[in-house]
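Read the structure below first, then the notes.
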Amino acid sequence: MQRRQFMEAALGTLAAGALTACASNVGTMTSGEPSKSTDVEDWVAARRYVETRFGRVAYVERGTGQAALFLHGFPLNSFQWRGAFDRLSKYRRCVAPDWMGLGYTQVAAGQGVTPDAQVAMLATLLDTLSIPTVDIVANDSGGAIAQLFLIRYTTRVRTLLLTNCDTEPDSPPPALQPVLDMSRAGTFADTWIGPWAADKNLARSKTGLGGLTYTYPERLSDETIDYYLSPLVSSPQRKTLLHAYALGLDPNPLAGIEPALRKSSVPTRILWGTGDDIFSAASPGYLDRTFGNSRGVREVPGAKLFWPEEFPDLLAEEARNLWGVSG
């Protein structure tokens, strides 16, 4: 079921070919880790915690001035945005929290981790950090939460940059069904995440996190994989929270959101990796038609779901354009 639902070898071959063919036409799209970037040790040293009613929210912050809020995907954490921080922190006060149930946020006893709860947590985090408004950059399930935040706190969002993510017609996407089934059975952590955390080559394989969601899975370092996955299986409580996060995505948390998005005047840009076989290929067009102030779609040929981590130069270029700042 995993191979059938998540990927097909032919698509992977076509994606790789597309990347090779278009590389000369996408000057800012560089593969793998940048030559000089924040590593796990640096990120851990920069990690801070805010005490809230939701628990101790883990986040990393860098830069000054107007704030940009970076919302990561599932099952990653804020480390996904290290390359973006390296390129954008001279233009914005960059803030990247870990979701409740993922990463290093310590969730209060009895606290839910649904998208609605994550939205409320974000508002509290921003209040605690004295941040009135933000530019949001989001990926994967972080994009779903970003859309919910936008309609509930419209005046707090200056711009929205969405990469491959949930949309109302495609949330949760059919490819997530095996994860939902295992999470309901309480087995997802031990069946997939635990083995990937223990065997980094398995994590980079076609059936692992890397092959399923990264354009260049072979470039995922052992340290990166461990930083993402080890906290998720560190205790029975963390496994339960991981399952709860996944199950918070079903039923559709974006049901009924379209009219509010149509009314939005927030400048919104969509960047979409075309090699992603998790979310529907129709989604970027849907978002472009739906947002009231869409600034259009840019395709990233052949790139998979978590491409913002792999191609931070492209992401930073688009963010600067949307924010109206020069490089």
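Naming scheme: A, B, ... for chains in displayed order of the structure tokens; residues 1 onward per chain; ligands 1 onward as shown.
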Please report as JSON lines every residue of stretch 157-262 of chain A lying within 8 Å of stretch 92-102 of chain A, along with the nearest atom pair and their distance in Å (one decimal), using only C-alpha atoms.
```
{"residue": "A:Pro231", "atom": "CA", "partner": "A:Leu102", "partner_atom": "CA", "distance": 7.7}
{"residue": "A:Leu232", "atom": "CA", "partner": "A:Leu102", "partner_atom": "CA", "distance": 6.5}
{"residue": "A:Arg238", "atom": "CA", "partner": "A:Gly101", "partner_atom": "CA", "distance": 7.0}
{"residue": "A:Leu241", "atom": "CA", "partner": "A:Gly101", "partner_atom": "CA", "distance": 4.8}
{"residue": "A:Leu242", "atom": "CA", "partner": "A:Gly101", "partner_atom": "CA", "distance": 5.3}
{"residue": "A:Ala244", "atom": "CA", "partner": "A:Gly101", "partner_atom": "CA", "distance": 7.5}
{"residue": "A:Tyr245", "atom": "CA", "partner": "A:Gly101", "partner_atom": "CA", "distance": 5.9}
```
**Request:** Considering only C-alpha atoms, return as an MDAnalysis selection string whatever protein or nucleic-acid residues lie within 8 Å of stretch 257-270 of chain A, sequence-local ones (same chain, fewer than 6 positions apart) excluded.
**Result:** chainID A and resid 147:148 151 154 157:163 168 284 287:288 290:298 322
**Message:** Could you check the closest approach to A:Leu314 for each of A:Val300, A:Leu254, A:Ala68, A:Ile136 and tell me which residue wins, using only C-alpha atoms?
**Reply:** A:Val300
**Request:** Rounded to one decimal place, report the atom CA of A:Thr128-atom CA of A:Pro312 distance in Å.
**Result:** 28.3 Å
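Here atom CA of A:Ala108 and atom CA of A:Asp181 stand 25.6 Å from one another.
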**Item:** Surrounding residues of A:Gly208 excluding itself and chain neighbours under 6 positions, 9 Å, only C-alpha atoms, as a PyMOL selection string
**Value:** chain A and resi 192-193+196+201-202
Output for the residues just chosen: N, CA, C and O atoms as a short mmCIF file (atom, residue, chain, number, x, y, z; two decimals), in the first residue's frame:
```
data_model
loop_
_atom_site.label_atom_id
_atom_site.label_comp_id
_atom_site.auth_asym_id
_atom_site.auth_seq_id
_atom_site.Cartn_x
_atom_site.Cartn_y
_atom_site.Cartn_z
N TRP A 192 6.67 3.04 10.83
CA TRP A 192 7.43 3.83 9.86
C TRP A 192 8.49 4.70 10.51
O TRP A 192 9.66 4.61 10.17
N ILE A 193 8.08 5.57 11.44
CA ILE A 193 9.02 6.56 11.96
C ILE A 193 10.17 5.91 12.72
O ILE A 193 11.34 6.26 12.51
N TRP A 196 12.74 4.27 10.39
CA TRP A 196 13.48 5.30 9.66
C TRP A 196 14.50 5.99 10.58
O TRP A 196 15.61 6.29 10.15
N ASN A 201 19.71 4.84 6.18
CA ASN A 201 19.64 4.44 4.76
C ASN A 201 18.22 4.06 4.37
O ASN A 201 17.77 4.36 3.26
N LEU A 202 17.49 3.42 5.27
CA LEU A 202 16.09 3.12 5.01
C LEU A 202 15.29 4.41 4.89
O LEU A 202 14.43 4.54 4.02
#
```
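Counting only C-alpha atoms and comparing A:Cys165, A:Ala46, A:Ala303, A:Ala255, the residue that lies closest to A:Asp140 is A:Cys165.
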**Request:** Quote the spacing between atom CA of A:Asp277 and atom CA of A:Ala117 in Å to one decimal place.
**Result:** 27.8 Å
**Members of stretch 130-192 of chain A assigned strand (DSSP E or B) by DSSP, as a PyMOL selection string** = chain A and resi 134-140+157-165+167+170
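If only C-alpha atoms are the atoms counted, then among A:Leu249, A:Leu129, A:Ala319, A:Ile278 the closest residue to A:Glu51 is A:Leu129.
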**Message:** I need the residue nearest A:Pro217 from this list: A:Ala246, A:Leu69, A:Val60, A:Leu305. Use only C-alpha atoms for the distance.
**Reply:** A:Leu305
**Prompt:** Can you list, as a ChimeraX atom specification, every residue of stretch 168-291 of chain A that DSSP puts in helix (DSSP H, G or I)?
**Reply:** /A:174-185,188-198,200-204,209-213,217-219,222-233,236-247,258-263,283-290
**Request:** Pick out the residues sitting within 9 Å of A:Gln80, and hand them over as number ranges by chain; count only C-alpha atoms, and ignore anything fewer than 6 positions along from it in its own chain.
**Result:** A: 72-73, 228, 306, 308-310
Kindly export the residues of the current selection with C-alpha atoms, as a tab-separated table (two decimals), in the first residue's frame.
```tsv
chain	number	residue	atom	x	y	z
A	72	HIS	CA	6.94	23.53	8.65
A	73	GLY	CA	5.55	20.28	7.31
A	228	TYR	CA	13.54	15.33	12.62
A	306	PHE	CA	9.79	19.21	0.91
A	308	PRO	CA	11.76	24.40	0.21
A	309	GLU	CA	14.44	22.77	2.34
A	310	GLU	CA	16.40	21.69	-0.72
```
**Item:** Shell of 9 Å around stretch 83-87 of chain A, only C-alpha atoms, local chain residues under 4 positions omitted, as an MDAnalysis selection string
**Value:** chainID A and resid 33:34 36:38 61:63 79 91 94:95 308:313 315:316
**Message:** So that I can check the surroundings of A:Pro253, please list as a ChimeraX atom specification every protein, DNA and RNA residue that reaches within 10 Å of it, counting only C-alpha atoms and ignoring chain neighbours fewer than 6 positions away.
**Reply:** /A:114-116,144-145,148,166-168,171-172
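Shortest separation to A:Asp222 among A:Leu76, A:Lys206, A:Leu271, A:Ala197 occurs at residue A:Ala197, atoms counted being only C-alpha atoms.
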